[in-house]
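Visitor: Below you'll find the structure I mean.
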Number of protein chains: 4
Amino acid sequence: VDRSVDLNSDLGEGYGRWSFGTDEQILQIVSSANVACGAHAGDPTTIRATVVAAVATGTTIGAHVGYPDLQGFGRRFLDMPPAELVDSIVHQTAGLAGFARLAGTSVRYLKPHGALYNRAAVDDVHAAAVVRAVVEYDDQLAVLCQPGSRLDRLASEAGLRTLAEAFADRAYLRDGTLAPRSMPGAMVTDPQLVASRVVRLVLDQQVETIDGGTIELSADSICLHGDTLGAVALAAHVSAALAAAGIAVGSPFAAVE
Amino acid sequence: VDRSVDLNSDLGEGYGRWSFGTDEQILQIVSSANVACGAHAGDPTTIRATVVAAVATGTTIGAHVGYPDLQGFGRRFLDMPPAELVDSIVHQTAGLAGFARLAGTSVRYLKPHGALYNRAAVDDVHAAAVVRAVVEYDDQLAVLCQPGSRLDRLASEAGLRTLAEAFADRAYLRDGTLAPRSMPGAMVTDPQLVASRVVRLVLDQQVETIDGGTIELSADSICLHGDTLGAVALAAHVSAALAAAGIAVGSPFAAVE
Amino acid sequence: VDRSVDLNSDLGEGYGRWSFGTDEQILQIVSSANVACGAHAGDPTTIRATVVAAVATGTTIGAHVGYPDLQGFGRRFLDMPPAELVDSIVHQTAGLAGFARLAGTSVRYLKPHGALYNRAAVDDVHAAAVVRAVVEYDDQLAVLCQPGSRLDRLASEAGLRTLAEAFADRAYLRDGTLAPRSMPGAMVTDPQLVASRVVRLVLDQQVETIDGGTIELSADSICLHGDTLGAVALAAHVSAALAAAGIAVGSPFAAVE
Amino acid sequence: VDRSVDLNSDLGEGYGRWSFGTDEQILQIVSSANVACGAHAGDPTTIRATVVAAVATGTTIGAHVGYPDLQGFGRRFLDMPPAELVDSIVHQTAGLAGFARLAGTSVRYLKPHGALYNRAAVDDVHAAAVVRAVVEYDDQLAVLCQPGSRLDRLASEAGLRTLAEAFADRAYLRDGTLAPRSMPGAMVTDPQLVASRVVRLVLDQQVETIDGGTIELSADSICLHGDTLGAVALAAHVSAALAAAGIAVGSPFAAVE
């Protein structure tokens, strides 16, 4: 039985004067920070402050890359030609890496954001662009993605390390994919329930499906949302439940670095 | 007598579908490419293509950093708090450096663009922010700037290498500063005259002032504009005049790398 | 036989210091100006100058609305939720209309740009969003679009006036749709041939298909591209051929206003 | 004794997914909404929603125009050439006016935001650009600005209606100007004190200065900040104090429309 788990959260998702105001609290809980890189959120000062705060809490840093669309927060599919998408991802990652180096650390993994996450899960063209960006920029970066997705497959085939991500607050279908947000019950909102799902994922590698069944799910990292005060409270519940179960929170990279 | 000279030009100043269309020709002439880094111009694909083209012609790469203002092309003073300016310059440089590394080269110097160039020449706050960005990011980067400017002074005091820049197509005042663009005769537009000024700068370290006098001017690099077809023709004249005078064109970094 | 034709062209497609530099010449030729509204191109000063120039040449003004994506020049599909697309189109049109009013004229029609043009031709959701934006903002605006497209259909059903657009420099398939750009021969580049196709379209309402057949095509307006020097030369050829055939160039709105 | 007062607040200052989340509560209190127009904040959907919400509460709508600088939230001085500033202000106002018309109302006044507010208070060039934009766009718009400022003076000279603005939560100097934020005591944060200052401003046209004196101050509108939860609480205090003193809250335009 694995007695530790990586928790990841999307951080640095502000822009200029705007922010969700919850990063400080979330950084006390998670072990991996998906840092917005300026495409869907994140100006240079926000990126830098997020990196510095993550270093202060010993949180591993990943590049949270997305479509260049501040207005849509990277949640609208943008049909970029693959070469442009590759260049954008390389540029986003390089900018983050610059601040990581200044803070005495380095970027360890990459996770697509929003619409890019969803697209790269099912579309070979954009999945391959993500893979190519990582291979070109630094093939030692791991790719945090949905297990069984096209991105997972193509990244593995390219020899990249992949990290399987699970969502504690999202319902699953029998085939291991996420229930669409439009489906009733797709979002799990009860903090106690989310916490118990996380513990079960860690201890048993199992999750209950939306129709009451059980599937096996082996996750390298569990995503906690952190962009609302409710999300922070939920994350705190998860943290407490893990502690009560004797499960440590830690990044897969912590020992390596 | 120095028989070689560095010619620099602003390159990669397109954005998306827009470009000035002259980079290819200018790269045949100059030895140093000031590459736009996304703030005043330059999307990731443009930046990458410019770096690749510069590598193909053996041109040294510098970061042409500016105020984040695409609409104003970095030519409008933007009163950024110094910390934000530092972060922006670091981010711009890091993004360019990522593409330089992928192309098998590295960024060797930094030159402020437009309104930042002018401001950092006379204002200690923004000059110090440029210096701090270089010191933080990589103190081996040289700073290409106007000799005698505040930036020149502060960069030198910080132990950075500075490169003195001269403008062949701009008239000078007796005190060694540029004649304001609003002054009649401030722009030298005759290609033959510009070419002869360049040759004289290299061989004699002298330039004629706007009022017909002569001043000493020791330049490490001479700027050629390249954003119009006329500018390209002018650059070609300069190139031919240098060849006729037996003067080689080469970057101060060429031998080092 | 109709002895007049409306020629339209995309204008004001610059941003800040960038432009294609051909607007002045194209305005001498066309009768309708599709003015970029800030989403895919066009800052306020560019928009205003374009409107003023169009008024000076007596050219009718249309709103050339697109996805908000300067970097992609509106040529990348952006999956905006319909309500956001409606709001964006209303906002683009209102901004243009402000400058039109100041110049003593008004916006008469709307034409989707680039990826939005293509999407609204085949997709009911985005076509309906364009229609709803026009209905909400001003149902007296005509919609310039491809005949037989979904946008054409939905606009007509909503009671809007539609203007059927033909392309003189694009090859057609037997079903009246445009040959994909990837198909050999999809672009007609010979100026003489383009000019003769325009004349035939006006006089006979016919166009030759890519496979040598002939189809009927009744166009209210013919699009001339104007973003390159070659395009300007081609437009001049078309203009001369129309004059030689005794065909006047004029907007369908000219008499109304 | 005037028994009514206009309260204004900056609203619609979100962008895409970001917002301060307080507009709904503030709209219950104020009589005039300064709506962000897309330059410092405000995408089309945000602008529209803000206008619709203001109409629902009977709140008068003003154009809150600023320098085009989302990253800096319009708080960084941007040295735009005056013609560009005029065009930008016209464009911002026209976009807002489009949504106002769709919502069955109209824009009644204009207030500069942030760095533009401060600059136009002391600099004739940018003050004149604001005035020119109003004159060109609609000289029936009032200008909400600091009494005695350059903008106040130039707008009056141009025949525009001006509205004198006071700040209940900012300390004043003896000369009637605001104490710089850097001065200790420049911000009045005690809700009871702010509320009593508002009441005194309305009933006696007086305000206490930072050094304990009293000056006369005749305000047409009092600004309440609303971008934090604390600001909302403060606004509620002001509202209650006004009610207790028998003072109504109402826009100077309410009766006109």
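Numbering starts fresh at 1 for the residues of each chain in the structure tokens, the chains themselves are lettered A, B, ... in the order given, and ligands are numbered from 1 as they appear.
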Counting only C-alpha atoms, which residues of chain A come no farther than 6 Å from chain C, as a list in words?
Guide: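 Going by the stated atoms only, the list reads Arg76, Phe77, Leu78, Asp79 and Met80 of chain A.
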Visitor: How would you write, as a PyMOL selection string, the set of residues in region 101-215 of chain C that DSSP gives as alpha helix (DSSP H)?
Guide: chain C and resi 101-102+114-122+124-137+150-157+191-204
Visitor: Would you mind exporting N, CA and C atoms of the selected residues as a short mmCIF file (atom, residue, chain, number, x, y, z; two decimals), in the first residue's frame?
Guide:
```cif
data_model
loop_
_atom_site.label_atom_id
_atom_site.label_comp_id
_atom_site.auth_asym_id
_atom_site.auth_seq_id
_atom_site.Cartn_x
_atom_site.Cartn_y
_atom_site.Cartn_z
N ARG C 101 -20.12 57.29 -37.34
CA ARG C 101 -20.97 58.44 -37.04
C ARG C 101 -20.15 59.73 -37.02
N LEU C 102 -18.97 59.68 -36.39
CA LEU C 102 -18.11 60.86 -36.34
C LEU C 102 -17.68 61.31 -37.73
N GLY C 114 -12.46 35.60 -41.77
CA GLY C 114 -11.57 34.46 -41.55
C GLY C 114 -12.25 33.21 -41.02
N ALA C 115 -11.77 32.77 -39.86
CA ALA C 115 -12.29 31.52 -39.29
C ALA C 115 -13.76 31.64 -38.93
N LEU C 116 -14.20 32.82 -38.57
CA LEU C 116 -15.63 33.00 -38.26
C LEU C 116 -16.47 32.90 -39.53
N TYR C 117 -15.95 33.43 -40.62
CA TYR C 117 -16.63 33.32 -41.92
C TYR C 117 -16.82 31.84 -42.27
N ASN C 118 -15.73 31.10 -42.12
CA ASN C 118 -15.79 29.68 -42.48
C ASN C 118 -16.69 28.89 -41.54
N ARG C 119 -16.59 29.18 -40.27
CA ARG C 119 -17.38 28.44 -39.29
C ARG C 119 -18.88 28.74 -39.45
N ALA C 120 -19.19 30.00 -39.59
CA ALA C 120 -20.60 30.40 -39.69
C ALA C 120 -21.22 29.91 -41.01
N ALA C 121 -20.37 29.49 -41.93
CA ALA C 121 -20.90 28.96 -43.19
C ALA C 121 -21.44 27.54 -43.00
N VAL C 122 -20.91 26.83 -42.01
CA VAL C 122 -21.27 25.41 -41.87
C VAL C 122 -21.84 25.06 -40.50
N ASP C 124 -24.32 25.84 -37.30
CA ASP C 124 -25.50 26.60 -36.91
C ASP C 124 -25.30 27.44 -35.65
N VAL C 125 -24.48 26.96 -34.73
CA VAL C 125 -24.33 27.69 -33.47
C VAL C 125 -23.67 29.05 -33.70
N HIS C 126 -22.55 29.05 -34.39
CA HIS C 126 -21.86 30.32 -34.61
C HIS C 126 -22.58 31.16 -35.66
N ALA C 127 -23.22 30.51 -36.64
CA ALA C 127 -24.03 31.28 -37.59
C ALA C 127 -25.16 32.00 -36.86
N ALA C 128 -25.83 31.29 -35.95
CA ALA C 128 -26.93 31.89 -35.20
C ALA C 128 -26.44 33.02 -34.30
N ALA C 129 -25.23 32.89 -33.79
CA ALA C 129 -24.69 33.96 -32.95
C ALA C 129 -24.46 35.23 -33.78
N VAL C 130 -23.96 35.06 -34.99
CA VAL C 130 -23.77 36.22 -35.87
C VAL C 130 -25.12 36.88 -36.14
N VAL C 131 -26.11 36.06 -36.46
CA VAL C 131 -27.44 36.58 -36.75
C VAL C 131 -28.02 37.30 -35.55
N ARG C 132 -27.87 36.68 -34.38
CA ARG C 132 -28.43 37.30 -33.18
C ARG C 132 -27.76 38.64 -32.88
N ALA C 133 -26.46 38.71 -33.10
CA ALA C 133 -25.74 39.97 -32.88
C ALA C 133 -26.30 41.07 -33.78
N VAL C 134 -26.55 40.72 -35.04
CA VAL C 134 -27.08 41.73 -35.97
C VAL C 134 -28.50 42.13 -35.57
N VAL C 135 -29.31 41.14 -35.26
CA VAL C 135 -30.70 41.43 -34.87
C VAL C 135 -30.72 42.33 -33.64
N GLU C 136 -29.88 42.00 -32.66
CA GLU C 136 -29.85 42.80 -31.44
C GLU C 136 -29.32 44.20 -31.70
N TYR C 137 -28.25 44.29 -32.47
CA TYR C 137 -27.60 45.59 -32.62
C TYR C 137 -28.35 46.49 -33.59
N ARG C 150 -24.89 28.26 -44.12
CA ARG C 150 -25.79 28.26 -42.97
C ARG C 150 -26.08 29.69 -42.51
N LEU C 151 -25.07 30.53 -42.56
CA LEU C 151 -25.29 31.91 -42.16
C LEU C 151 -26.29 32.58 -43.10
N ASP C 152 -26.15 32.33 -44.37
CA ASP C 152 -27.09 32.88 -45.36
C ASP C 152 -28.51 32.44 -45.00
N ARG C 153 -28.66 31.15 -44.75
CA ARG C 153 -29.97 30.60 -44.44
C ARG C 153 -30.56 31.20 -43.15
N LEU C 154 -29.77 31.18 -42.09
CA LEU C 154 -30.29 31.64 -40.80
C LEU C 154 -30.56 33.15 -40.80
N ALA C 155 -29.73 33.89 -41.49
CA ALA C 155 -29.94 35.34 -41.57
C ALA C 155 -31.25 35.62 -42.32
N SER C 156 -31.46 34.91 -43.40
CA SER C 156 -32.69 35.11 -44.17
C SER C 156 -33.91 34.75 -43.33
N GLU C 157 -33.83 33.63 -42.62
CA GLU C 157 -34.95 33.21 -41.79
C GLU C 157 -35.26 34.23 -40.71
N PRO C 191 -4.03 37.46 -63.26
CA PRO C 191 -4.90 38.66 -63.20
C PRO C 191 -5.89 38.73 -64.36
N GLN C 192 -5.46 38.37 -65.55
CA GLN C 192 -6.37 38.42 -66.70
C GLN C 192 -7.54 37.46 -66.49
N LEU C 193 -7.21 36.28 -65.99
CA LEU C 193 -8.25 35.28 -65.79
C LEU C 193 -9.22 35.72 -64.70
N VAL C 194 -8.69 36.25 -63.63
CA VAL C 194 -9.56 36.74 -62.56
C VAL C 194 -10.48 37.83 -63.10
N ALA C 195 -9.91 38.73 -63.87
CA ALA C 195 -10.70 39.84 -64.41
C ALA C 195 -11.81 39.31 -65.31
N SER C 196 -11.50 38.34 -66.15
CA SER C 196 -12.53 37.82 -67.06
C SER C 196 -13.60 37.06 -66.28
N ARG C 197 -13.22 36.42 -65.18
CA ARG C 197 -14.21 35.73 -64.35
C ARG C 197 -15.16 36.73 -63.71
N VAL C 198 -14.62 37.86 -63.27
CA VAL C 198 -15.49 38.87 -62.68
C VAL C 198 -16.50 39.38 -63.71
N VAL C 199 -16.01 39.67 -64.90
CA VAL C 199 -16.91 40.18 -65.94
C VAL C 199 -18.00 39.16 -66.26
N ARG C 200 -17.60 37.90 -66.35
CA ARG C 200 -18.59 36.85 -66.65
C ARG C 200 -19.60 36.71 -65.53
N LEU C 201 -19.11 36.81 -64.29
CA LEU C 201 -20.02 36.75 -63.14
C LEU C 201 -21.08 37.84 -63.23
N VAL C 202 -20.65 39.03 -63.63
CA VAL C 202 -21.58 40.15 -63.66
C VAL C 202 -22.56 40.02 -64.83
N LEU C 203 -22.00 39.70 -65.99
CA LEU C 203 -22.84 39.70 -67.20
C LEU C 203 -23.70 38.45 -67.32
N ASP C 204 -23.12 37.30 -66.94
CA ASP C 204 -23.82 36.03 -67.19
C ASP C 204 -24.21 35.29 -65.91
#
```
Visitor: Just the residues within 8 Å of region 139-141 of chain B, please, counting only C-alpha atoms, with nothing from its chain fewer than 4 positions along; format it as a list in words.
Guide: Val107, Arg108, Tyr109, Leu110, Val134, Val135, Leu160 and Arg161 of chain B
Visitor: Set the distance at 9 Å and use only C-alpha atoms: which residues neighbour Phe167 (chain D) once local chain neighbours fewer than 6 positions away are removed? I'd like the list as a PyMOL selection string.
Guide: chain D and resi 178+198+221-224
Visitor: To test your reading of the structure, identify every residue in region 99-191 of chain C that backbone DSSP assigns to strand (DSSP E), and report it as a PyMOL selection string.
Guide: chain C and resi 107-112+142-145+162-167
Visitor: I need the chosen residues saved as a PDB file, in the first residue's frame, with C-alpha atoms.
Guide:
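Generated output (out.pdb):
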```pdb
ATOM      1  CA  VAL C 107     -22.211  51.034 -41.002  1.00  0.00           C
ATOM      2  CA  ARG C 108     -24.399  49.342 -43.623  1.00  0.00           C
ATOM      3  CA  TYR C 109     -23.515  45.686 -43.450  1.00  0.00           C
ATOM      4  CA  LEU C 110     -21.568  43.069 -41.535  1.00  0.00           C
ATOM      5  CA  LYS C 111     -19.232  40.396 -42.875  1.00  0.00           C
ATOM      6  CA  PRO C 112     -17.616  37.725 -40.724  1.00  0.00           C
ATOM      7  CA  ALA C 142     -27.215  43.471 -44.222  1.00  0.00           C
ATOM      8  CA  VAL C 143     -25.137  40.305 -43.858  1.00  0.00           C
ATOM      9  CA  LEU C 144     -22.493  39.709 -46.511  1.00  0.00           C
ATOM     10  CA  CYS C 145     -21.904  35.978 -46.737  1.00  0.00           C
ATOM     11  CA  THR C 162     -28.306  39.053 -47.107  1.00  0.00           C
ATOM     12  CA  LEU C 163     -25.760  39.853 -49.779  1.00  0.00           C
ATOM     13  CA  ALA C 164     -24.380  36.892 -51.732  1.00  0.00           C
ATOM     14  CA  GLU C 165     -20.615  37.045 -52.030  1.00  0.00           C
ATOM     15  CA  ALA C 166     -18.484  35.558 -54.776  1.00  0.00           C
ATOM     16  CA  PHE C 167     -14.715  35.214 -54.957  1.00  0.00           C
TER      17      PHE C 167
END
```
Visitor: Can you tell me which residues surround Ile61 (chain C) at a distance of at most 9 Å, considering only C-alpha atoms, apart from same-chain residues fewer than 2 positions away, and format the answer as a list of chain:residue names?
Guide: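 In the requested form, the answer reads C:Ser31, C:Ser32, C:Ala33, C:Asn34, C:Val35, C:Val51, C:Ala54, C:Val55, C:Thr59, C:Ala63, C:Ala100, C:Thr105, C:Ser106, C:Val107, C:Arg108, C:Tyr109, C:Leu110.
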Visitor: Could you work out how far CA of Ala231 (chain B) lies from CA of Thr22 (chain C), giving the answer in Å with one decimal?
Guide: 19.4 Å
Visitor: State, in Å with one decimal place, the distance from CA of Ala248 (chain C) to CA of Gln146 (chain C).
Guide: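 Computed distance, CA of Ala248 (chain C) to CA of Gln146 (chain C), equals 22.5 Å.
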Visitor: Might you pull out every residue within 10 Å of Arg48 (chain B), with only C-alpha atoms counted and same-chain residues fewer than 4 positions away left off, and present them as a list in words?
Guide: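 Selected residues are Asp87, Ser88, Val90 and His91 of chain A; Gly12, Val35, Cys37, Gly42, Asp43, Pro44, Val52, Ala53, Ala54, Gly95, Leu96, Gly98, Phe99, Ala100, Leu102 and Ala103 of chain B.
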Visitor: What is the distance between CA of Gly250 (chain C) and CA of Asp6 (chain C), in Å to one decimal?
Guide: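 CA of Asp6 (chain C) lies at a distance of 5.0 Å from CA of Gly250 (chain C).
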Visitor: Excluding same-chain residues fewer than 5 positions from Ser182 (chain A), what lies within 12 Å of it counting only C-alpha atoms, as a PyMOL selection string?
Guide: chain A and resi 170-171+187
